[in-house]
Amino acid sequence: MRVLLVGSGGREHALAWRIASSPALTDLHAAPGNPGIATLATCHPIAADDADGLLGLARSLAIDLVVVGPEAPLVAGVADTLRHAGISVFGPSAAAARIEGSKRFAKEVMAAAGVPTAALLDVPRAPCVVKADGLAAGKGVLVCRTNVELEAGLDAAREFHGAVLVEELLEGSELSILAVCDGAGALPLAPARDFKRAYDGDEGPNTGGMGSFAPVPGIDGHALSGLLETCIQPVLDELALRGTPFVGTLFAGLMLTADGPRVLEYNCRFGDPETQSVLPLVEGDLLGALAAAASGSLGAISLGRVEGAAVTVVLAAGDYPEASDRGTPIDGVADAEATGALVFQAGTALHDGRLVTNGGRLLGVTATGPTVAAARGRAYAAADLVRIPGARRREDIALAAAAAA
Ligand code: AMP
Ligand code: GLY
């Protein structure tokens with residue numbers, strides 16, 4: 001199978017790594033990719049949202065399957081352009097990707113499908129959560145515990161130039177459920193947790209994600225099936241009923257409250273950095289599952305789960321999420337990899353053959369182990385070997401889960 005992977009982040013590097021090991025793969029291409037992905041695939045300088053460019057590339061390479069990583073091209077309709085031209089795509093249509101592209105649409109689908117979620121507030125009053133309706137790279141959600149925070153939150157959300165939603169503030173622990181979907185059914189991957197806040201102790205602004213681990217202790221197979229039934233399948237059914245079936249990864253961000261699970265949001269693609277922790281735990285042919293999903297035949301496929309756990313620690317620019325970093329040398333990636341850890345590159349570039357920074361989240365270091373504690377120890381030990389002047393990381397990724405086990 002000739003595969004074209006679209007995107008250039010850590011999630012796509014993890015997808016490339018996993019797809020590259022598939023017995024079904026003959027050729028792996030990426031657009032635009034990054035220096036890490038380039039070690040596994042042939043990269044082409046075509047932007048992830050250049051639908052016509054991607055179509056031309058897919059045609060010229062006789063691609064059998066396009067796997068789209070990021071949300072923005074999906075919401076913009078890249079999968080539709082490819083599919084209309086007869087190319088098989090893992091990734092939802094623009095109509096189905098609205099589940100992520102518009103929080104208001106997601107609320108409406110959840111209501112129609114009977115999915116438990118936070119109640120919308122007609123009159124904003126703290127404590128509450130303010131959300132910009134459209135895509136905001138994980139930065140359009142403001143948790144407001146006081147009225148002063150609420151005023152600031154409303155101002156910040158309006159900066160995104162769309163409608164603003166206000167909903168009840170839920171308390172509990174968060175969980176990411178990623179499910180590979182073929183329009184009708186779903187195959188869940190290991191339940192994961194990401195760390196969205198910038199600083200230790202869940203302080204500071206929301207980011208794209210500073211680390212992750214999987215599986216989440218306490219979510220056994222039975223619990224996962226239950227969550228699939230309450231939070232994933234009803235949305236697949238509702239979107240299919242509307243004539244816009246969801247093909248791709250449906251990712252539910254949940255809050256496990258004292259009153260049961262509540263969906264905070266849906267994403268229309270693999271999570272970043274959840275994917276970096278989830279894919280090393282997949283047993284079986286992920287590419288086969290993605291191809292089956294794209295052709296609507298997931299029913300015949302099953303994927304196993306490797307025993308143990310995986311932890312991912314993100315190294316970010318010193319001022320992330322406010323600012324990114326460009327051109328600072330990155331050293332020690334090979335040393336980290338030599339420990340057996342995986343280094344998934346995100347915001348990196350090559351300057352005269354030298355790896356340098358090129359973004360906010362720079363790279364993620366992932367390690368597996370028999371327990372969360374073991375995987376965590378290995379991930380941090382490997383991350384210690386990566387040297388990027390001025391970069392920072394959180395020190396408490398998976399700390400509570402490691403201590404609890
Ligand atoms: P979202 O992009 O909607 O997942 O929101 C980003 C983050 O904001 C979530 O991962 C939660 O940490 C937080 N959040 C969103 N909605 C709520 C809510 N209703 N109650 C509490 N926290 C929330
Ligand atoms: N890690 C959360 C996301 O991918 O949106």
# chains A, B, ... in the order shown; residues from 1 in each chain; ligands from 1
>>> select_by_dssp(residues="segment 211-401 of chain A", states="alpha helix (DSSP H)", output="PyMOL selection string")
chain A and resi 221-227+233-241+274-278+286-294+333-338+372-383+399-401
>>> closest_atom_pairs(of="chain A", to="ligand 2", cutoff="7 Å", atoms="only C-alpha atoms and all ligand atoms", output="tab-separated table")
residue	atom	partner	partner_atom_place_in_ligand_line	distance
A:Gly138	CA	ligand 2	5 (O)	6.0
A:Asp194	CA	ligand 2	1 (N)	5.7
A:Lys196	CA	ligand 2	1 (N)	6.8
A:Gly208	CA	ligand 2	1 (N)	5.8
A:Gly209	CA	ligand 2	1 (N)	5.0
A:Asn267	CA	ligand 2	5 (O)	6.5
A:Phe270	CA	ligand 2	4 (O)	6.6
A:Gly271	CA	ligand 2	4 (O)	3.4
A:Asp272	CA	ligand 2	4 (O)	3.9
A:Pro273	CA	ligand 2	1 (N)	5.3
A:Glu274	CA	ligand 2	1 (N)	5.8
>>> write_last_selection(atoms="N, CA, C and O atoms", output="tab-separated table (two decimals), in the first residue's frame")
chain	number	residue	atom	x	y	z
A	138	GLY	N	-6.41	24.59	20.82
A	138	GLY	CA	-6.42	24.26	22.25
A	138	GLY	C	-6.33	25.48	23.15
A	138	GLY	O	-6.22	25.35	24.36
A	194	ASP	N	-3.89	13.60	28.76
A	194	ASP	CA	-2.87	14.57	28.39
A	194	ASP	C	-2.81	15.67	29.43
A	194	ASP	O	-3.66	15.76	30.32
A	196	LYS	N	-2.67	19.51	29.66
A	196	LYS	CA	-2.89	20.66	28.78
A	196	LYS	C	-2.27	21.94	29.31
A	196	LYS	O	-1.90	22.82	28.54
A	208	GLY	N	-1.33	23.19	23.61
A	208	GLY	CA	-1.70	22.04	22.78
A	208	GLY	C	-1.54	20.73	23.55
A	208	GLY	O	-2.16	19.73	23.22
A	209	GLY	N	-0.71	20.71	24.59
A	209	GLY	CA	-0.48	19.51	25.40
A	209	GLY	C	1.00	19.36	25.70
A	209	GLY	O	1.83	19.40	24.79
A	267	ASN	N	-12.78	15.87	19.15
A	267	ASN	CA	-11.80	16.22	18.13
A	267	ASN	C	-11.98	15.24	16.98
A	267	ASN	O	-12.39	14.09	17.19
A	270	PHE	N	-6.54	12.26	15.53
A	270	PHE	CA	-5.74	11.75	16.63
A	270	PHE	C	-5.30	12.91	17.53
A	270	PHE	O	-5.02	14.01	17.04
A	271	GLY	N	-5.20	12.66	18.84
A	271	GLY	CA	-4.75	13.68	19.79
A	271	GLY	C	-3.25	13.85	19.75
A	271	GLY	O	-2.51	12.92	19.42
A	272	ASP	N	-2.84	15.05	20.06
A	272	ASP	CA	-1.41	15.35	20.11
A	272	ASP	C	-1.15	16.05	21.44
A	272	ASP	O	-1.65	17.16	21.63
A	273	PRO	N	-0.50	15.43	22.42
A	273	PRO	CA	0.42	14.30	22.32
A	273	PRO	C	-0.12	12.95	22.79
A	273	PRO	O	0.68	12.06	23.10
A	274	GLU	N	-1.44	12.73	22.81
A	274	GLU	CA	-1.93	11.40	23.22
A	274	GLU	C	-1.43	10.31	22.28
A	274	GLU	O	-1.08	9.20	22.70
>>> residues_near_ligand(ligand="ligand 1", cutoff="8 Å", atoms="only C-alpha atoms and all ligand atoms", output="list in words")
Lys103, Thr117, Ala118, Ala119, Cys128, Val129, Val130, Lys131, Gly138, Lys139, Gly140, Val141, Leu142, Val143, Glu167, Glu168, Leu169, Leu170, Glu171, Glu174, Lys196, Arg197, Asn206, Gly253, Leu254, Met255, Leu264, Glu265 and Tyr266 of chain A
>>> select_by_dssp(residues="segment 186-373 of chain A", states="strand (DSSP E)", output="PyMOL selection string")
chain A and resi 186-188+193-194+197-199+203-206+211-214+247-257+260-267+282-283+304-305+309-316+325-329+342-345+348-351+354-359+361-369
>>> closest_residue(among="A:Gly185, A:Ala38, A:Thr26, A:Glu283", to="Gly9 of chain A", atoms="only C-alpha atoms")
A:Ala38
>>> closest_residue(among="A:Arg2, A:His44, A:His84, A:Arg98", to="Asp64 of chain A", atoms="only C-alpha atoms")
A:Arg2
>>> decode(residues="segment 204-351 of chain A", atoms="C-alpha atoms", output="CSV table (one decimal), in the first residue's frame")
chain,number,residue,atom,x,y,z
A,204,GLY,CA,-0.8,28.4,33.7
A,205,PRO,CA,-2.6,28.7,30.3
A,206,ASN,CA,-3.9,25.8,28.3
A,207,THR,CA,-1.5,24.6,25.6
A,208,GLY,CA,-1.7,22.0,22.8
A,209,GLY,CA,-0.5,19.5,25.4
A,210,MET,CA,2.7,19.2,27.4
A,211,GLY,CA,2.7,15.4,27.8
A,212,SER,CA,0.6,12.3,28.0
A,213,PHE,CA,0.3,8.8,29.2
A,214,ALA,CA,-1.7,5.6,28.5
A,215,PRO,CA,-3.5,3.6,29.6
A,216,VAL,CA,-5.2,5.5,32.4
A,217,PRO,CA,-5.4,3.3,35.5
A,218,GLY,CA,-8.9,2.3,36.5
A,219,ILE,CA,-10.3,2.3,32.9
A,220,ASP,CA,-10.4,-1.4,32.2
A,221,GLY,CA,-11.9,-3.0,29.1
A,222,HIS,CA,-15.4,-3.0,30.5
A,223,ALA,CA,-15.2,0.7,31.4
A,224,LEU,CA,-13.8,1.6,28.0
A,225,SER,CA,-16.7,-0.3,26.3
A,226,GLY,CA,-19.2,1.7,28.4
A,227,LEU,CA,-17.6,5.0,27.4
A,228,LEU,CA,-17.6,4.0,23.8
A,229,GLU,CA,-21.3,3.3,24.1
A,230,THR,CA,-22.2,6.5,25.8
A,231,CYS,CA,-19.8,9.0,24.2
A,232,ILE,CA,-18.7,7.7,20.8
A,233,GLN,CA,-21.3,5.4,19.2
A,234,PRO,CA,-24.2,7.8,19.6
A,235,VAL,CA,-22.3,10.5,17.8
A,236,LEU,CA,-21.4,8.1,15.0
A,237,ASP,CA,-25.0,7.1,14.7
A,238,GLU,CA,-26.2,10.7,14.7
A,239,LEU,CA,-23.7,11.9,12.1
A,240,ALA,CA,-24.6,8.9,9.9
A,241,LEU,CA,-28.3,9.6,10.3
A,242,ARG,CA,-27.6,13.2,9.0
A,243,GLY,CA,-25.9,11.8,5.9
A,244,THR,CA,-22.4,12.9,7.1
A,245,PRO,CA,-20.8,9.7,8.4
A,246,PHE,CA,-17.6,10.1,10.4
A,247,VAL,CA,-14.6,8.3,9.0
A,248,GLY,CA,-11.4,8.9,10.9
A,249,THR,CA,-10.4,9.2,14.5
A,250,LEU,CA,-13.1,10.4,16.8
A,251,PHE,CA,-11.5,11.6,20.0
A,252,ALA,CA,-13.7,12.4,23.0
A,253,GLY,CA,-12.2,14.6,25.7
A,254,LEU,CA,-14.1,13.6,28.8
A,255,MET,CA,-14.4,14.7,32.4
A,256,LEU,CA,-15.0,11.8,34.8
A,257,THR,CA,-17.3,13.6,37.3
A,258,ALA,CA,-18.9,12.3,40.5
A,259,ASP,CA,-22.1,12.1,38.4
A,260,GLY,CA,-20.5,10.1,35.6
A,261,PRO,CA,-18.6,10.9,32.4
A,262,ARG,CA,-19.3,14.2,30.6
A,263,VAL,CA,-17.9,15.1,27.2
A,264,LEU,CA,-16.0,18.3,27.2
A,265,GLU,CA,-15.2,18.3,23.5
A,266,TYR,CA,-14.8,16.2,20.4
A,267,ASN,CA,-11.8,16.2,18.1
A,268,CYS,CA,-11.9,14.9,14.6
A,269,ARG,CA,-8.4,13.4,14.5
A,270,PHE,CA,-5.7,11.7,16.6
A,271,GLY,CA,-4.8,13.7,19.8
A,272,ASP,CA,-1.4,15.4,20.1
A,273,PRO,CA,0.4,14.3,22.3
A,274,GLU,CA,-1.9,11.4,23.2
A,275,THR,CA,-1.1,9.6,20.0
A,276,GLN,CA,2.6,9.5,20.9
A,277,SER,CA,1.7,7.4,24.0
A,278,VAL,CA,-1.2,5.4,22.5
A,279,LEU,CA,0.4,4.1,19.3
A,280,PRO,CA,3.3,2.2,21.0
A,281,LEU,CA,0.7,0.3,22.9
A,282,VAL,CA,-1.2,-0.9,19.7
A,283,GLU,CA,-0.7,-4.5,19.0
A,284,GLY,CA,-1.4,-5.4,15.4
A,285,ASP,CA,-1.5,-3.6,12.1
A,286,LEU,CA,-2.6,0.0,12.6
A,287,LEU,CA,-2.3,0.8,8.9
A,288,GLY,CA,-4.6,-2.1,8.1
A,289,ALA,CA,-7.2,-0.7,10.5
A,290,LEU,CA,-6.9,2.8,9.0
A,291,ALA,CA,-7.3,1.5,5.5
A,292,ALA,CA,-10.3,-0.6,6.6
A,293,ALA,CA,-11.9,2.4,8.3
A,294,ALA,CA,-11.4,4.4,5.1
A,295,SER,CA,-13.2,1.8,3.1
A,296,GLY,CA,-16.0,1.3,5.6
A,297,SER,CA,-15.0,-2.2,6.6
A,298,LEU,CA,-13.7,-1.9,10.1
A,299,GLY,CA,-16.0,-4.7,11.3
A,300,ALA,CA,-13.5,-7.4,10.2
A,301,ILE,CA,-10.6,-5.8,12.1
A,302,SER,CA,-9.4,-6.0,15.7
A,303,LEU,CA,-6.4,-4.5,17.4
A,304,GLY,CA,-4.8,-5.7,20.5
A,305,ARG,CA,-3.1,-3.8,23.3
A,306,VAL,CA,0.5,-4.3,24.4
A,307,GLU,CA,0.8,-4.9,28.2
A,308,GLY,CA,2.3,-2.0,30.2
A,309,ALA,CA,2.2,1.7,29.8
A,310,ALA,CA,3.7,4.6,27.8
A,311,VAL,CA,4.6,8.1,28.9
A,312,THR,CA,5.4,11.1,26.6
A,313,VAL,CA,7.2,14.2,27.9
A,314,VAL,CA,7.1,17.3,25.6
A,315,LEU,CA,10.0,19.7,25.3
A,316,ALA,CA,8.7,23.1,24.4
A,317,ALA,CA,10.1,26.5,23.7
A,318,GLY,CA,10.8,28.5,26.9
A,319,ASP,CA,8.0,30.9,26.3
A,320,TYR,CA,5.4,28.4,24.9
A,321,PRO,CA,2.5,28.9,24.5
A,322,GLU,CA,3.0,32.7,24.2
A,323,ALA,CA,5.9,32.4,21.8
A,324,SER,CA,7.8,29.8,19.8
A,325,ASP,CA,11.5,29.4,19.2
A,326,ARG,CA,13.4,29.2,15.9
A,327,GLY,CA,17.0,28.2,15.0
A,328,THR,CA,18.2,27.0,18.4
A,329,PRO,CA,20.4,23.9,18.1
A,330,ILE,CA,18.9,20.6,19.3
A,331,ASP,CA,21.4,18.0,20.5
A,332,GLY,CA,21.2,14.6,22.0
A,333,VAL,CA,18.3,13.1,20.1
A,334,ALA,CA,20.3,10.0,19.1
A,335,ASP,CA,21.4,9.6,22.8
A,336,ALA,CA,17.8,9.6,23.9
A,337,GLU,CA,16.9,7.1,21.2
A,338,ALA,CA,19.8,4.9,22.2
A,339,THR,CA,18.1,4.3,25.6
A,340,GLY,CA,15.2,2.7,23.7
A,341,ALA,CA,13.0,5.7,23.9
A,342,LEU,CA,11.2,7.2,20.9
A,343,VAL,CA,11.8,10.8,20.0
A,344,PHE,CA,8.9,12.3,18.1
A,345,GLN,CA,9.8,15.6,16.5
A,346,ALA,CA,7.2,18.4,16.2
A,347,GLY,CA,8.6,21.9,15.9
A,348,THR,CA,12.0,21.1,14.4
A,349,ALA,CA,13.8,22.1,11.2
A,350,LEU,CA,17.2,21.3,9.5
A,351,HIS,CA,19.5,24.2,8.9
